[in-house]
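Coordinates as given in protein_25.cif (mmCIF, N, CA and C atoms):
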data_coords
loop_
_atom_site.label_atom_id
_atom_site.label_comp_id
_atom_site.auth_asym_id
_atom_site.auth_seq_id
_atom_site.Cartn_x
_atom_site.Cartn_y
_atom_site.Cartn_z
N ARG A 1 -14.27 12.37 8.79
CA ARG A 1 -14.04 10.95 8.57
C ARG A 1 -15.36 10.19 8.69
N LYS A 2 -16.11 10.45 9.73
CA LYS A 2 -17.32 9.67 9.97
C LYS A 2 -18.56 10.55 9.75
N LEU A 3 -18.85 10.85 8.53
CA LEU A 3 -20.09 11.54 8.20
C LEU A 3 -21.17 10.50 7.97
N PRO A 4 -22.40 10.78 8.40
CA PRO A 4 -23.47 9.79 8.28
C PRO A 4 -23.74 9.37 6.83
N ASP A 5 -23.63 10.30 5.93
CA ASP A 5 -23.91 10.00 4.52
C ASP A 5 -22.58 9.95 3.77
N ALA A 6 -22.29 8.82 3.15
CA ALA A 6 -21.03 8.65 2.43
C ALA A 6 -20.88 9.68 1.33
N ARG A 7 -21.97 10.10 0.73
CA ARG A 7 -21.89 11.12 -0.34
C ARG A 7 -21.32 12.42 0.20
N ASP A 8 -21.70 12.77 1.43
CA ASP A 8 -21.16 13.99 2.04
C ASP A 8 -19.65 13.86 2.27
N ALA A 9 -19.24 12.69 2.68
CA ALA A 9 -17.81 12.46 2.91
C ALA A 9 -17.03 12.61 1.61
N TYR A 10 -17.54 12.09 0.52
CA TYR A 10 -16.84 12.20 -0.75
C TYR A 10 -16.85 13.63 -1.29
N LYS A 11 -17.87 14.40 -0.94
CA LYS A 11 -17.88 15.82 -1.31
C LYS A 11 -16.75 16.55 -0.57
N VAL A 12 -16.62 16.24 0.71
CA VAL A 12 -15.55 16.85 1.50
C VAL A 12 -14.19 16.43 0.95
N LEU A 13 -14.03 15.16 0.65
CA LEU A 13 -12.76 14.69 0.08
C LEU A 13 -12.49 15.33 -1.27
N GLY A 14 -13.54 15.71 -1.98
CA GLY A 14 -13.37 16.37 -3.28
C GLY A 14 -12.62 17.68 -3.17
N ILE A 15 -12.62 18.29 -2.00
CA ILE A 15 -11.85 19.52 -1.79
C ILE A 15 -10.37 19.27 -2.06
N LEU A 16 -9.92 18.05 -1.81
CA LEU A 16 -8.51 17.72 -2.02
C LEU A 16 -8.10 17.81 -3.48
N ASP A 17 -9.07 17.82 -4.39
CA ASP A 17 -8.76 17.89 -5.81
C ASP A 17 -8.44 19.31 -6.28
N ARG A 18 -8.72 20.27 -5.44
CA ARG A 18 -8.44 21.66 -5.81
C ARG A 18 -6.94 21.92 -5.71
N PRO A 19 -6.39 22.67 -6.69
CA PRO A 19 -4.94 22.92 -6.68
C PRO A 19 -4.47 23.81 -5.53
N ASP A 20 -5.36 24.57 -4.93
CA ASP A 20 -4.95 25.46 -3.85
C ASP A 20 -4.96 24.77 -2.48
N VAL A 21 -5.35 23.52 -2.42
CA VAL A 21 -5.36 22.77 -1.16
C VAL A 21 -4.03 22.04 -1.05
N LEU A 22 -3.26 22.43 -0.06
CA LEU A 22 -1.90 21.90 0.11
C LEU A 22 -1.86 20.97 1.32
N ILE A 23 -1.86 19.69 1.06
CA ILE A 23 -1.89 18.71 2.15
C ILE A 23 -0.50 18.40 2.70
N PHE A 24 0.55 18.90 2.04
CA PHE A 24 1.90 18.53 2.45
C PHE A 24 2.61 19.61 3.26
N ARG A 25 1.90 20.65 3.66
CA ARG A 25 2.54 21.73 4.41
C ARG A 25 2.63 21.39 5.90
N ASP A 26 1.83 20.47 6.34
CA ASP A 26 1.69 20.24 7.77
C ASP A 26 1.44 18.75 8.02
N GLU A 27 2.12 18.20 9.00
CA GLU A 27 1.99 16.77 9.30
C GLU A 27 0.58 16.42 9.78
N VAL A 28 -0.06 17.31 10.54
CA VAL A 28 -1.40 17.04 11.05
C VAL A 28 -2.41 16.99 9.89
N VAL A 29 -2.30 17.93 8.96
CA VAL A 29 -3.20 17.94 7.80
C VAL A 29 -2.96 16.69 6.97
N PHE A 30 -1.71 16.36 6.73
CA PHE A 30 -1.39 15.17 5.93
C PHE A 30 -1.95 13.91 6.59
N ASN A 31 -1.76 13.77 7.90
CA ASN A 31 -2.27 12.60 8.61
C ASN A 31 -3.79 12.53 8.53
N THR A 32 -4.45 13.67 8.65
CA THR A 32 -5.91 13.71 8.57
C THR A 32 -6.39 13.27 7.20
N VAL A 33 -5.73 13.75 6.17
CA VAL A 33 -6.08 13.35 4.80
C VAL A 33 -5.86 11.85 4.61
N MET A 34 -4.71 11.35 5.06
CA MET A 34 -4.42 9.93 4.93
C MET A 34 -5.47 9.10 5.67
N ASP A 35 -5.78 9.49 6.89
CA ASP A 35 -6.75 8.76 7.69
C ASP A 35 -8.12 8.72 7.01
N ALA A 36 -8.55 9.85 6.48
CA ALA A 36 -9.86 9.91 5.81
C ALA A 36 -9.87 9.06 4.54
N CYS A 37 -8.81 9.13 3.76
CA CYS A 37 -8.74 8.33 2.52
C CYS A 37 -8.71 6.84 2.83
N ILE A 38 -8.00 6.46 3.88
CA ILE A 38 -7.95 5.05 4.28
C ILE A 38 -9.32 4.60 4.75
N TYR A 39 -9.93 5.37 5.61
CA TYR A 39 -11.25 5.01 6.16
C TYR A 39 -12.30 4.89 5.06
N ARG A 40 -12.28 5.81 4.12
CA ARG A 40 -13.27 5.83 3.03
C ARG A 40 -12.85 4.99 1.83
N ARG A 41 -11.69 4.38 1.90
CA ARG A 41 -11.18 3.56 0.79
C ARG A 41 -11.16 4.36 -0.52
N ASP A 42 -10.70 5.60 -0.41
CA ASP A 42 -10.58 6.48 -1.57
C ASP A 42 -9.19 6.26 -2.16
N TYR A 43 -9.08 5.26 -3.00
CA TYR A 43 -7.78 4.82 -3.52
C TYR A 43 -7.09 5.87 -4.37
N LYS A 44 -7.85 6.62 -5.15
CA LYS A 44 -7.25 7.63 -6.04
C LYS A 44 -6.55 8.71 -5.22
N ARG A 45 -7.25 9.26 -4.26
CA ARG A 45 -6.65 10.33 -3.45
C ARG A 45 -5.59 9.79 -2.49
N LEU A 46 -5.79 8.58 -2.00
CA LEU A 46 -4.79 7.94 -1.16
C LEU A 46 -3.49 7.75 -1.93
N SER A 47 -3.60 7.27 -3.15
CA SER A 47 -2.43 7.08 -3.99
C SER A 47 -1.72 8.40 -4.26
N ARG A 48 -2.49 9.44 -4.53
CA ARG A 48 -1.90 10.75 -4.79
C ARG A 48 -1.17 11.28 -3.55
N ALA A 49 -1.75 11.08 -2.38
CA ALA A 49 -1.11 11.53 -1.14
C ALA A 49 0.19 10.77 -0.89
N ILE A 50 0.15 9.46 -1.05
CA ILE A 50 1.35 8.64 -0.83
C ILE A 50 2.43 8.98 -1.85
N ASP A 51 2.04 9.15 -3.10
CA ASP A 51 3.02 9.47 -4.14
C ASP A 51 3.67 10.84 -3.92
N GLY A 52 2.93 11.78 -3.34
CA GLY A 52 3.48 13.10 -3.11
C GLY A 52 4.30 13.23 -1.84
N TYR A 53 4.18 12.27 -0.96
CA TYR A 53 4.88 12.35 0.33
C TYR A 53 6.41 12.47 0.21
N PRO A 54 7.08 11.65 -0.61
CA PRO A 54 8.55 11.71 -0.61
C PRO A 54 9.13 13.09 -0.95
N SER A 55 8.47 13.85 -1.77
CA SER A 55 8.99 15.16 -2.15
C SER A 55 8.41 16.28 -1.28
N SER A 56 7.66 15.91 -0.26
CA SER A 56 7.01 16.91 0.60
C SER A 56 7.94 17.36 1.71
N LYS A 57 7.49 18.35 2.44
CA LYS A 57 8.21 18.85 3.60
C LYS A 57 7.65 18.29 4.90
N VAL A 58 6.75 17.31 4.79
CA VAL A 58 6.13 16.72 5.97
C VAL A 58 7.20 16.02 6.80
N ARG A 59 7.25 16.36 8.07
CA ARG A 59 8.17 15.70 9.01
C ARG A 59 7.37 14.60 9.70
N ALA A 60 7.51 13.41 9.20
CA ALA A 60 6.68 12.29 9.65
C ALA A 60 6.96 11.89 11.09
N THR A 61 5.89 11.53 11.77
CA THR A 61 5.96 10.98 13.12
C THR A 61 5.67 9.48 13.01
N VAL A 62 5.72 8.79 14.13
CA VAL A 62 5.42 7.37 14.12
C VAL A 62 3.99 7.14 13.62
N ARG A 63 3.08 8.05 13.94
CA ARG A 63 1.69 7.94 13.45
C ARG A 63 1.66 8.08 11.93
N THR A 64 2.39 9.03 11.40
CA THR A 64 2.44 9.22 9.94
C THR A 64 2.94 7.96 9.26
N TYR A 65 3.98 7.38 9.81
CA TYR A 65 4.52 6.15 9.21
C TYR A 65 3.50 5.01 9.26
N GLY A 66 2.77 4.92 10.34
CA GLY A 66 1.71 3.91 10.41
C GLY A 66 0.68 4.10 9.32
N LEU A 67 0.29 5.35 9.08
CA LEU A 67 -0.68 5.64 8.03
C LEU A 67 -0.10 5.36 6.64
N LEU A 68 1.16 5.71 6.44
CA LEU A 68 1.80 5.41 5.15
C LEU A 68 1.86 3.91 4.90
N ILE A 69 2.22 3.16 5.92
CA ILE A 69 2.30 1.70 5.79
C ILE A 69 0.91 1.13 5.51
N LYS A 70 -0.07 1.57 6.26
CA LYS A 70 -1.44 1.08 6.07
C LYS A 70 -1.96 1.45 4.68
N GLY A 71 -1.70 2.69 4.26
CA GLY A 71 -2.13 3.13 2.94
C GLY A 71 -1.47 2.32 1.82
N CYS A 72 -0.18 2.11 1.93
CA CYS A 72 0.52 1.30 0.93
C CYS A 72 -0.01 -0.12 0.90
N ALA A 73 -0.33 -0.66 2.07
CA ALA A 73 -0.88 -2.02 2.13
C ALA A 73 -2.22 -2.10 1.42
N ILE A 74 -3.08 -1.11 1.64
CA ILE A 74 -4.38 -1.08 0.98
C ILE A 74 -4.22 -1.03 -0.53
N LEU A 75 -3.21 -0.28 -0.98
CA LEU A 75 -2.95 -0.16 -2.42
C LEU A 75 -2.10 -1.31 -2.96
N GLN A 76 -1.81 -2.27 -2.10
CA GLN A 76 -1.00 -3.45 -2.44
C GLN A 76 0.40 -3.05 -2.93
N ARG A 77 0.99 -2.13 -2.21
CA ARG A 77 2.35 -1.66 -2.49
C ARG A 77 3.27 -2.10 -1.34
N THR A 78 3.57 -3.36 -1.31
CA THR A 78 4.37 -3.89 -0.21
C THR A 78 5.75 -3.23 -0.16
N GLN A 79 6.32 -2.92 -1.30
CA GLN A 79 7.62 -2.23 -1.31
C GLN A 79 7.51 -0.86 -0.66
N GLY A 80 6.37 -0.20 -0.85
CA GLY A 80 6.14 1.09 -0.20
C GLY A 80 6.05 0.95 1.30
N CYS A 81 5.46 -0.14 1.76
CA CYS A 81 5.41 -0.42 3.20
C CYS A 81 6.82 -0.53 3.75
N TRP A 82 7.65 -1.34 3.07
CA TRP A 82 9.03 -1.51 3.51
C TRP A 82 9.81 -0.21 3.44
N ALA A 83 9.57 0.60 2.39
CA ALA A 83 10.28 1.88 2.26
C ALA A 83 9.95 2.80 3.43
N SER A 84 8.67 2.84 3.81
CA SER A 84 8.28 3.67 4.96
C SER A 84 8.89 3.14 6.25
N TRP A 85 8.86 1.82 6.42
CA TRP A 85 9.44 1.20 7.62
C TRP A 85 10.94 1.50 7.70
N ASP A 86 11.64 1.32 6.59
CA ASP A 86 13.09 1.57 6.58
C ASP A 86 13.42 3.03 6.85
N GLU A 87 12.62 3.93 6.26
CA GLU A 87 12.85 5.36 6.52
C GLU A 87 12.66 5.66 8.00
N MET A 88 11.61 5.13 8.58
CA MET A 88 11.30 5.38 9.99
C MET A 88 12.40 4.81 10.89
N VAL A 89 12.72 3.55 10.71
CA VAL A 89 13.62 2.85 11.64
C VAL A 89 15.08 3.11 11.33
N ASP A 90 15.48 2.90 10.08
CA ASP A 90 16.90 2.96 9.73
C ASP A 90 17.42 4.37 9.51
N ARG A 91 16.69 5.18 8.76
CA ARG A 91 17.20 6.52 8.45
C ARG A 91 16.91 7.55 9.53
N ARG A 92 15.72 7.44 10.16
CA ARG A 92 15.34 8.45 11.15
C ARG A 92 15.50 7.98 12.59
N GLY A 93 15.70 6.68 12.78
CA GLY A 93 15.90 6.15 14.13
C GLY A 93 14.68 6.24 15.02
N ILE A 94 13.50 6.22 14.42
CA ILE A 94 12.26 6.27 15.20
C ILE A 94 11.86 4.85 15.57
N ILE A 95 11.59 4.63 16.84
CA ILE A 95 11.13 3.32 17.31
C ILE A 95 9.63 3.22 17.03
N PRO A 96 9.20 2.18 16.36
CA PRO A 96 7.76 2.04 16.11
C PRO A 96 7.00 1.80 17.40
N ASN A 97 5.74 2.19 17.41
CA ASN A 97 4.89 1.84 18.54
C ASN A 97 4.11 0.57 18.17
N ASP A 98 3.28 0.10 19.06
CA ASP A 98 2.55 -1.14 18.80
C ASP A 98 1.61 -1.02 17.60
N VAL A 99 1.05 0.16 17.39
CA VAL A 99 0.13 0.34 16.25
C VAL A 99 0.89 0.27 14.94
N THR A 100 2.02 0.97 14.87
CA THR A 100 2.80 0.96 13.62
C THR A 100 3.37 -0.42 13.34
N LEU A 101 3.85 -1.10 14.36
CA LEU A 101 4.32 -2.48 14.19
C LEU A 101 3.18 -3.35 13.70
N GLY A 102 2.01 -3.19 14.29
CA GLY A 102 0.84 -3.96 13.86
C GLY A 102 0.46 -3.68 12.42
N CYS A 103 0.55 -2.42 12.00
CA CYS A 103 0.26 -2.06 10.60
C CYS A 103 1.23 -2.78 9.66
N MET A 104 2.50 -2.81 10.04
CA MET A 104 3.50 -3.45 9.17
C MET A 104 3.30 -4.96 9.13
N ILE A 105 3.03 -5.56 10.26
CA ILE A 105 2.78 -7.00 10.30
C ILE A 105 1.55 -7.34 9.47
N ASP A 106 0.49 -6.57 9.63
CA ASP A 106 -0.73 -6.77 8.86
C ASP A 106 -0.47 -6.63 7.37
N ALA A 107 0.31 -5.62 6.99
CA ALA A 107 0.63 -5.41 5.57
C ALA A 107 1.36 -6.62 4.99
N LEU A 108 2.29 -7.17 5.76
CA LEU A 108 3.04 -8.33 5.28
C LEU A 108 2.15 -9.57 5.17
N VAL A 109 1.30 -9.78 6.14
CA VAL A 109 0.39 -10.93 6.10
C VAL A 109 -0.56 -10.80 4.91
N GLU A 110 -1.11 -9.60 4.70
CA GLU A 110 -2.01 -9.37 3.56
C GLU A 110 -1.31 -9.62 2.23
N ALA A 111 -0.01 -9.38 2.20
CA ALA A 111 0.77 -9.60 0.98
C ALA A 111 1.29 -11.03 0.87
N GLN A 112 0.78 -11.93 1.74
CA GLN A 112 1.19 -13.34 1.73
C GLN A 112 2.66 -13.52 2.10
N ARG A 113 3.19 -12.62 2.91
CA ARG A 113 4.59 -12.71 3.35
C ARG A 113 4.63 -12.97 4.85
N VAL A 114 4.02 -14.08 5.23
CA VAL A 114 3.85 -14.43 6.64
C VAL A 114 5.21 -14.63 7.32
N GLU A 115 6.15 -15.26 6.64
CA GLU A 115 7.47 -15.49 7.25
C GLU A 115 8.14 -14.16 7.59
N ASP A 116 8.00 -13.17 6.69
CA ASP A 116 8.57 -11.85 6.97
C ASP A 116 7.86 -11.21 8.16
N ALA A 117 6.55 -11.39 8.25
CA ALA A 117 5.78 -10.83 9.37
C ALA A 117 6.23 -11.45 10.69
N VAL A 118 6.42 -12.75 10.70
CA VAL A 118 6.87 -13.44 11.92
C VAL A 118 8.28 -12.98 12.29
N ALA A 119 9.15 -12.86 11.31
CA ALA A 119 10.52 -12.41 11.57
C ALA A 119 10.52 -10.98 12.12
N LEU A 120 9.70 -10.12 11.57
CA LEU A 120 9.61 -8.75 12.05
C LEU A 120 9.11 -8.72 13.49
N PHE A 121 8.08 -9.50 13.77
CA PHE A 121 7.56 -9.58 15.13
C PHE A 121 8.65 -10.05 16.09
N ARG A 122 9.38 -11.06 15.72
CA ARG A 122 10.44 -11.58 16.60
C ARG A 122 11.53 -10.54 16.84
N ASP A 123 11.86 -9.78 15.80
CA ASP A 123 12.88 -8.73 15.94
C ASP A 123 12.45 -7.62 16.89
N TRP A 124 11.16 -7.31 16.92
CA TRP A 124 10.68 -6.14 17.64
C TRP A 124 9.91 -6.44 18.92
N LYS A 125 9.60 -7.68 19.20
CA LYS A 125 8.73 -7.98 20.34
C LYS A 125 9.31 -7.55 21.69
N THR A 126 10.61 -7.47 21.79
CA THR A 126 11.20 -7.02 23.05
C THR A 126 11.46 -5.51 23.06
N LYS A 127 11.33 -4.87 21.92
CA LYS A 127 11.60 -3.43 21.82
C LYS A 127 10.33 -2.58 21.85
N VAL A 128 9.21 -3.20 21.51
CA VAL A 128 7.93 -2.51 21.45
C VAL A 128 6.97 -3.19 22.42
N THR A 129 6.32 -2.39 23.25
CA THR A 129 5.33 -2.95 24.15
C THR A 129 4.09 -3.29 23.32
N CYS A 130 3.81 -4.57 23.23
CA CYS A 130 2.70 -5.03 22.40
C CYS A 130 1.48 -5.32 23.27
N ASP A 131 0.32 -5.03 22.73
CA ASP A 131 -0.91 -5.34 23.44
C ASP A 131 -1.36 -6.75 23.06
N THR A 132 -2.53 -7.13 23.47
CA THR A 132 -3.00 -8.48 23.21
C THR A 132 -3.31 -8.73 21.75
N ILE A 133 -3.49 -7.69 20.96
CA ILE A 133 -3.80 -7.87 19.54
C ILE A 133 -2.59 -8.38 18.78
N ILE A 134 -1.42 -7.88 19.12
CA ILE A 134 -0.19 -8.30 18.41
C ILE A 134 0.29 -9.55 19.05
#
Is it possible to express this structure as structure tokens?
Amino acid sequence: RKLPDARDAYKVLGILDRPDVLIFRDEVVFNTVMDACIYRRDYKRLSRAIDGYPSSKVRATVRTYGLLIKGCAILQRTQGCWASWDEMVDRRGIIPNDVTLGCMIDALVEAQRVEDAVALFRDWKTKVTCDTII
């Protein structure tokens, strides 16, 4: 993720373009790929990872959902943010942590949906221990 020379980072990310590299076999590998693509603002590979997630065997954790929400927000896919949130909370019954809640609130604010962000915060402020940032 943090290589001194950005060119080296993009060379490493280029490995993801090989057909024999399977990022969806393992949640840790998938999270690492998502984190690197988000950090490096590699929209093409980020989009490919997000698009492939629904048909994958990745068993998402709260961290995975935070990365999916953040990735969708970067790609300006607000519906994708909501889809990840709904899957996490409604279908899987996973309680978000403060980071994932913050990612969703940030995504909504970035999408100019401040009222939705405030409503989400109000719904979850007693269920999630929030730090001073939220």
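CA of Arg122 in chain A sits 28.2 Å away from CA of Ile50 in chain A.
Our summary of the geometry notes that atom N of Asp98 in chain A is positioned 16.7 Å from CA of Trp82 in chain A.
Point (6.1, 14.2, 7.0) has the following residues at most 8 Å away: Phe24, Asp26, Glu27, Val28, Phe30, Asn31, Tyr53, Ser56, Lys57, Val58, Arg59, Ala60, Thr61, Thr64 and Tyr65 of chain A (atoms considered: all atoms listed in the file).
Of the residues under consideration (A:Ala73, A:Leu67, A:Ile95, A:Cys103), A:Ile95 shows the shortest atom-to-atom contact distance to Thr126 in chain A when counting only C-alpha atoms.
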Interatomic distance (Å, one decimal) between atom C of Gln76 in chain A and atom N of Asp51 in chain A: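 Interatomic distance here is 12.3 Å.
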Of the listed residues A:Val99, A:Val114, A:Leu75, A:Ile94, that which approaches Cys130 in chain A most closely, counting all atoms listed in the file: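 Comparing A:Val99, A:Val114, A:Leu75, A:Ile94 against Cys130 in chain A, the winner is A:Val99.
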Residue with smallest distance to Ile38 in chain A - pool A:Lys70, A:Arg77, A:Lys127, A:Arg92, counting only N, CA and C atoms: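 The shortest atom-to-atom distance to Ile38 in chain A comes from A:Lys70.
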Residues near Pro96 in chain A, cut-off 8 Å, only N, CA and C atoms, skip fewer than 4 positions along chain, as a ChimeraX atom specification: /A:62-63,88-89,100-102,127-129
